[in-house]
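These notes are about the structure you will find just below.
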Amino acid sequence: MRIFIEISYLISSILFIFGIKSLASPKTARKGNFLAALGMFIAIVVTLLDQHVLTYEWILLGFVIGAFAGTWMALKVPMTGMPQMVGLLNGFGGGASMLVAFSEYYKIINFPQFTYDYQTSITIVLSVLIGAVTFTGSLIAFGKLQGLVTGKVVRYPLQHPLNALLLIAVFAGGVYFVLNPSFQWLIISIGIISLILGVLLVLPIGGADMPVAISLLNSYSGLAASATGFVLQNNELIIAGALVGASGIILTNIMCKGMNRSLMNVVLGGWESAGSTGPAVSSVAQKGQVKSVDAEELAMIFDAAESVIIVPGYGMAVAQAQHAVRDLVNVLEAKGKKVRFAIHPVAGRMPGHMNVLLAEAQIPYEKMLAMEEINDDFPNTDIAFVVGANDVVNPAARHDKNSPIYGMPILNVDYAKTVVINKRSLNVGYAGIDNELFFYPNTLMYFGDAKDAITKLVHEIKNY
Amino acid sequence: MDGVGILMLIYVFVLAIFVGFELITKVPPTLHTPLMSGSNAISGITIVGAILSAGLHEFTVSTILGLIAMIFATINVVGGFLVTDRMLKMFKKK
């Protein structure tokens, strides 16, 4: 039986690998997700055959509750709420890892047939630490994205010393626990401190830095599963966890590059560390005249254009404007214009956030281009239409050494013949700085809520 | 578990990290959100541990912890795969 179970775990691991491999193209991705789900199904079924599994009622109860909640969440969540959803799921994964490690510990304490050694104790500590940090950290990230916890950068006194102290406490306690594994309260304290640490680590991270935080927590949820695999000495958990851990690390890295910031800088919180001085920065951009247009004038400009690149940002998600944007694409294409999308890596609140929203509005994925694919095309483009994006199109990132976003790769919308920016007001973006682009001679501001404004624009273009 | 035993596990872990890096660098940015939710569902493999904990013969604190872990991991697995499928269904060619 043992060998049958192990072979099934191997097959399941291979299915996970093929599943992720199939995500390399949107054509095969759905099949890939199915393969991974099949792998999971196999793993679950064969685990039920394990000789240590003797009662099924608790397993069944847990499964029914979890499956109900999971299905309900997956079917109810709107596409704009996807970052929260992923955040929450990360948290459940981490929480499960922490609980399994604790459960394993009590199994060893309560049953003479199980014994522990240094390796087991070390892996239990690691599993509890990573699992607990992932759990509470993800719940805070969820709260921030859902608007239950402030999305601003939160600072508290002695922030860094406090976190360092807690981390040292966990490690010191961990070492002591490994040497004296019968001290029950010690592992419980490690768990509690780790839970607090998760809250304190994510609380300082601001809303627009969430792509990094979510990616990092995604990585942690994988590493937590791996750590649990070490506790249980189960290769499949280790493999599956490592795949997810690697995925999260890569995404975190892409997000950090997209903001030209180090991981440390993001984790420690806020743009301030980049050395900006608020008033000095804003006075630079106040020069010049803002030209604002209404829907009618704009329809005329669009009518004369041949090529359009739309640049979506978080504002589009907030206004739920993706369907209006789709209507705009349709009406422009009906008039024979070339329309494409330029998507900055950190647009939105998680990696790929904009692509999912556009896909929801039935915009074909070939039209969505990544920054490096489309950035050279702006000079040959008649209109760059910015919808709810700000910092990712701020030219100050290229030349203003004093700007906190200096060095961040941006979409070169200002090289287009005309830049049209849809925004509710002239307010600053996440970085808290003015955007000099608003005052450029080739920039037109089209004020209004993205959904209403674009719907009006579509109407005007149709009637033009 | 002896020293060699844990080394074998580390072996597997390190190789799997490399496989992960190779695979995931090939995922296009357009699919990064489904990648996250899908890989998230895969990390719900902790459900295996939860089953082993919740299925012990004698009812102890391990069983209770296992039950809660079972709920969490199942949400992770079921919710993760379903929501990923929901998203991937929307990605269409012209």
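In the structure tokens, each chain is lettered A, B, ... as it comes, each chain's residues begin at 1, and ligands are numbered from 1 in order of appearance.
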**Message:** Residues of chain B within 6 Å of chain A, counting only C-alpha atoms - could you list those as an MDAnalysis selection string?
**Reply:** chainID B and resid 13 16:17 20:21 23:24 26:27 30 32:33 37 39 43:44 46 50 52 54:57 62 65 67 69:76 78:79 82:83 88 90:94
**Surrounding residues of region 146-154 of chain A excluding itself and chain neighbours under 5 positions, 10 Å, only C-alpha atoms, as a list in words** =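 Listed by chain and then number, they are Gly81, Pro83, Gln84, Met85, Leu139, Ile140, Ala141, Gln159, Leu200, Val202, Leu203, Pro204, Ile205, Gly206, Gly207, Ala208, Asp209, Met210, Leu268, Gly269, Gly270, Trp271, Glu272 and Tyr430 of chain A.
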With C-alpha atoms retained, export the selected residues as a PDB file, in the first residue's frame.
```
ATOM      1  CA  GLY A  81     -11.849  41.766  -6.150  1.00  0.00           C
ATOM      2  CA  PRO A  83      -6.353  40.629  -5.385  1.00  0.00           C
ATOM      3  CA  GLN A  84      -8.291  40.258  -2.115  1.00  0.00           C
ATOM      4  CA  MET A  85      -9.358  36.760  -3.066  1.00  0.00           C
ATOM      5  CA  LEU A 139      -5.400  38.579   6.402  1.00  0.00           C
ATOM      6  CA  ILE A 140      -4.007  42.113   6.799  1.00  0.00           C
ATOM      7  CA  ALA A 141      -3.304  42.297   3.049  1.00  0.00           C
ATOM      8  CA  GLN A 159       8.738  49.654  13.971  1.00  0.00           C
ATOM      9  CA  LEU A 200       3.304  43.984  11.919  1.00  0.00           C
ATOM     10  CA  VAL A 202       2.266  43.762   6.333  1.00  0.00           C
ATOM     11  CA  LEU A 203       0.617  46.709   8.139  1.00  0.00           C
ATOM     12  CA  PRO A 204       3.222  49.272   6.992  1.00  0.00           C
ATOM     13  CA  ILE A 205       2.869  48.314   3.312  1.00  0.00           C
ATOM     14  CA  GLY A 206       0.803  50.814   1.310  1.00  0.00           C
ATOM     15  CA  GLY A 207      -1.998  50.031  -1.150  1.00  0.00           C
ATOM     16  CA  ALA A 208      -0.066  50.384  -4.402  1.00  0.00           C
ATOM     17  CA  ASP A 209       2.760  48.241  -3.021  1.00  0.00           C
ATOM     18  CA  MET A 210       0.273  45.395  -2.646  1.00  0.00           C
ATOM     19  CA  LEU A 268      10.016  48.312   5.272  1.00  0.00           C
ATOM     20  CA  GLY A 269       7.204  50.498   3.961  1.00  0.00           C
ATOM     21  CA  GLY A 270       6.484  53.606   1.970  1.00  0.00           C
ATOM     22  CA  TRP A 271       8.087  55.786  -0.644  1.00  0.00           C
ATOM     23  CA  GLU A 272       9.590  58.124   1.924  1.00  0.00           C
ATOM     24  CA  TYR A 430       0.104  56.756  -4.841  1.00  0.00           C
TER      25      TYR A 430
END
```
**Asked** Per DSSP on the backbone, what are the helix (DSSP H, G or I) residues of region 197-426 of chain A, as a PyMOL selection string?
**Response** chain A and resi 197-202+207-232+235-259+263-268+272-274+278-285+295-304+314-319+322-334+353-360+365-367+371-380+391-393+396-399+413-415
Output file for the residues above (C-alpha atoms, as a CSV table (one decimal), in the first residue's frame):
```csv
chain,number,residue,atom,x,y,z
A,197,LEU,CA,4.9,39.4,13.3
A,198,GLY,CA,2.7,38.7,10.3
A,199,VAL,CA,0.4,41.6,11.2
A,200,LEU,CA,3.3,44.0,11.9
A,201,LEU,CA,5.2,43.1,8.7
A,202,VAL,CA,2.3,43.8,6.3
A,207,GLY,CA,-2.0,50.0,-1.1
A,208,ALA,CA,-0.1,50.4,-4.4
A,209,ASP,CA,2.8,48.2,-3.0
A,210,MET,CA,0.3,45.4,-2.6
A,211,PRO,CA,1.4,43.7,-5.9
A,212,VAL,CA,4.7,43.1,-4.1
A,213,ALA,CA,3.1,42.1,-0.8
A,214,ILE,CA,0.7,39.6,-2.4
A,215,SER,CA,3.5,38.0,-4.5
A,216,LEU,CA,5.7,37.7,-1.5
A,217,LEU,CA,2.9,36.1,0.6
A,218,ASN,CA,2.1,33.8,-2.3
A,219,SER,CA,5.7,32.7,-2.1
A,220,TYR,CA,5.5,32.2,1.7
A,221,SER,CA,2.3,30.1,1.3
A,222,GLY,CA,4.3,27.8,-0.9
A,223,LEU,CA,7.3,27.7,1.4
A,224,ALA,CA,4.9,27.0,4.3
A,225,ALA,CA,3.6,23.9,2.4
A,226,SER,CA,7.2,22.8,1.8
A,227,ALA,CA,8.0,23.2,5.5
A,228,THR,CA,5.0,21.1,6.3
A,229,GLY,CA,6.4,18.6,3.8
A,230,PHE,CA,9.6,18.4,5.8
A,231,VAL,CA,7.6,17.9,9.0
A,232,LEU,CA,5.7,15.0,7.5
A,235,ASN,CA,8.1,14.7,-1.0
A,236,GLU,CA,5.0,15.8,-2.8
A,237,LEU,CA,4.3,18.6,-0.3
A,238,ILE,CA,7.9,19.7,-0.7
A,239,ILE,CA,7.8,19.7,-4.5
A,240,ALA,CA,4.4,21.5,-4.7
A,241,GLY,CA,5.4,24.0,-2.1
A,242,ALA,CA,8.8,24.7,-3.8
A,243,LEU,CA,7.0,25.3,-7.2
A,244,VAL,CA,4.7,27.8,-5.6
A,245,GLY,CA,7.6,29.4,-3.6
A,246,ALA,CA,9.6,29.9,-6.8
A,247,SER,CA,6.6,31.3,-8.5
A,248,GLY,CA,6.0,33.9,-5.8
A,249,ILE,CA,9.7,34.8,-5.7
A,250,ILE,CA,9.8,35.4,-9.5
A,251,LEU,CA,6.6,37.6,-9.4
A,252,THR,CA,8.0,39.5,-6.4
A,253,ASN,CA,11.1,40.2,-8.3
A,254,ILE,CA,9.2,41.4,-11.4
A,255,MET,CA,7.1,43.7,-9.3
A,256,CYS,CA,10.1,45.2,-7.5
A,257,LYS,CA,11.8,45.8,-10.9
A,258,GLY,CA,8.6,47.4,-12.1
A,259,MET,CA,8.9,50.0,-9.3
A,263,LEU,CA,12.4,44.3,-1.8
A,264,MET,CA,13.7,45.7,1.5
A,265,ASN,CA,12.5,49.1,0.6
A,266,VAL,CA,8.9,47.8,-0.1
A,267,VAL,CA,8.8,45.6,3.0
A,268,LEU,CA,10.0,48.3,5.3
A,272,GLU,CA,9.6,58.1,1.9
A,273,SER,CA,12.8,56.1,2.1
A,274,ALA,CA,13.5,57.2,-1.4
A,278,GLY,CA,6.8,66.8,-0.5
A,279,PRO,CA,6.4,70.5,-1.1
A,280,ALA,CA,9.6,70.9,-3.3
A,281,VAL,CA,8.4,68.2,-5.7
A,282,SER,CA,4.9,69.6,-6.2
A,283,SER,CA,6.1,73.1,-6.9
A,284,VAL,CA,8.1,71.8,-9.9
A,285,ALA,CA,5.0,70.6,-11.7
A,295,ALA,CA,-16.4,64.4,-24.7
A,296,GLU,CA,-17.4,66.1,-28.0
A,297,GLU,CA,-14.0,67.6,-28.7
A,298,LEU,CA,-12.4,64.3,-27.7
A,299,ALA,CA,-14.6,62.4,-30.1
A,300,MET,CA,-13.3,64.6,-32.9
A,301,ILE,CA,-9.7,64.0,-31.9
A,302,PHE,CA,-10.3,60.2,-31.8
A,303,ASP,CA,-12.0,60.3,-35.1
A,304,ALA,CA,-8.9,61.8,-36.7
A,314,TYR,CA,-6.0,50.9,-10.8
A,315,GLY,CA,-8.5,53.8,-11.5
A,316,MET,CA,-10.1,51.7,-14.2
A,317,ALA,CA,-10.6,48.8,-11.7
A,318,VAL,CA,-12.1,51.2,-9.0
A,319,ALA,CA,-14.5,52.7,-11.5
A,322,GLN,CA,-13.5,47.7,-18.2
A,323,HIS,CA,-16.8,47.2,-20.1
A,324,ALA,CA,-17.0,50.8,-21.1
A,325,VAL,CA,-13.4,50.5,-22.3
A,326,ARG,CA,-14.4,47.5,-24.4
A,327,ASP,CA,-17.2,49.5,-26.0
A,328,LEU,CA,-14.6,52.2,-26.8
A,329,VAL,CA,-12.3,49.6,-28.5
A,330,ASN,CA,-15.3,48.3,-30.5
A,331,VAL,CA,-16.4,51.6,-31.8
A,332,LEU,CA,-12.9,52.7,-32.6
A,333,GLU,CA,-12.2,49.4,-34.5
A,334,ALA,CA,-15.4,49.8,-36.4
A,353,HIS,CA,-4.7,42.5,-12.5
A,354,MET,CA,-5.5,44.6,-15.5
A,355,ASN,CA,-5.3,41.7,-17.9
A,356,VAL,CA,-7.9,39.8,-16.0
A,357,LEU,CA,-10.3,42.8,-16.0
A,358,LEU,CA,-9.8,43.3,-19.7
A,359,ALA,CA,-10.3,39.6,-20.4
A,360,GLU,CA,-13.5,39.8,-18.4
A,365,TYR,CA,-5.5,38.8,-25.0
A,366,GLU,CA,-3.3,39.6,-28.1
A,367,LYS,CA,-4.2,43.2,-27.7
A,371,MET,CA,5.6,47.4,-21.2
A,372,GLU,CA,8.7,46.1,-23.0
A,373,GLU,CA,6.7,44.9,-26.0
A,374,ILE,CA,4.9,48.2,-26.7
A,375,ASN,CA,7.0,51.0,-25.2
A,376,ASP,CA,8.9,51.7,-28.5
A,377,ASP,CA,5.6,52.1,-30.4
A,378,PHE,CA,4.4,55.2,-28.6
A,379,PRO,CA,6.2,57.7,-30.9
A,380,ASN,CA,4.3,56.2,-33.9
A,391,ASP,CA,2.7,57.2,-11.4
A,392,VAL,CA,3.5,54.5,-14.1
A,393,VAL,CA,3.3,57.2,-16.8
A,396,ALA,CA,9.7,62.5,-14.0
A,397,ALA,CA,10.9,58.9,-13.5
A,398,ARG,CA,13.2,59.4,-16.4
A,399,HIS,CA,14.9,62.7,-15.7
A,413,VAL,CA,3.0,57.8,-23.2
A,414,ASP,CA,4.4,61.3,-23.6
A,415,TYR,CA,6.1,60.3,-26.8
```
**Asked** Which distance in Å separates CA of Lys89 (chain B) and CA of Ala450 (chain A), to one decimal?
**Response** 26.0 Å
**Prompt:** If we count only C-alpha atoms, what is near Gly38 (chain B) at a cut-off of 7 Å, once residues fewer than 2 positions away on the same chain are taken out, given as a ChimeraX atom specification?
**Reply:** /A:33 /B:34-36,40-42,80-81,84
**Request:** Using DSSP on the backbone, list every residue of region 262-456 of chain A that comes out as strand (DSSP E), and give them as a ChimeraX atom specification.
**Result:** /A:307-312,338-343,368-370,383-387,418-423,443-447
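The residue that comes closest to Thr418 (chain A), out of A:Glu6, A:Asp294, A:Glu436, A:Glu306 and on the basis of only C-alpha atoms, is A:Glu306.
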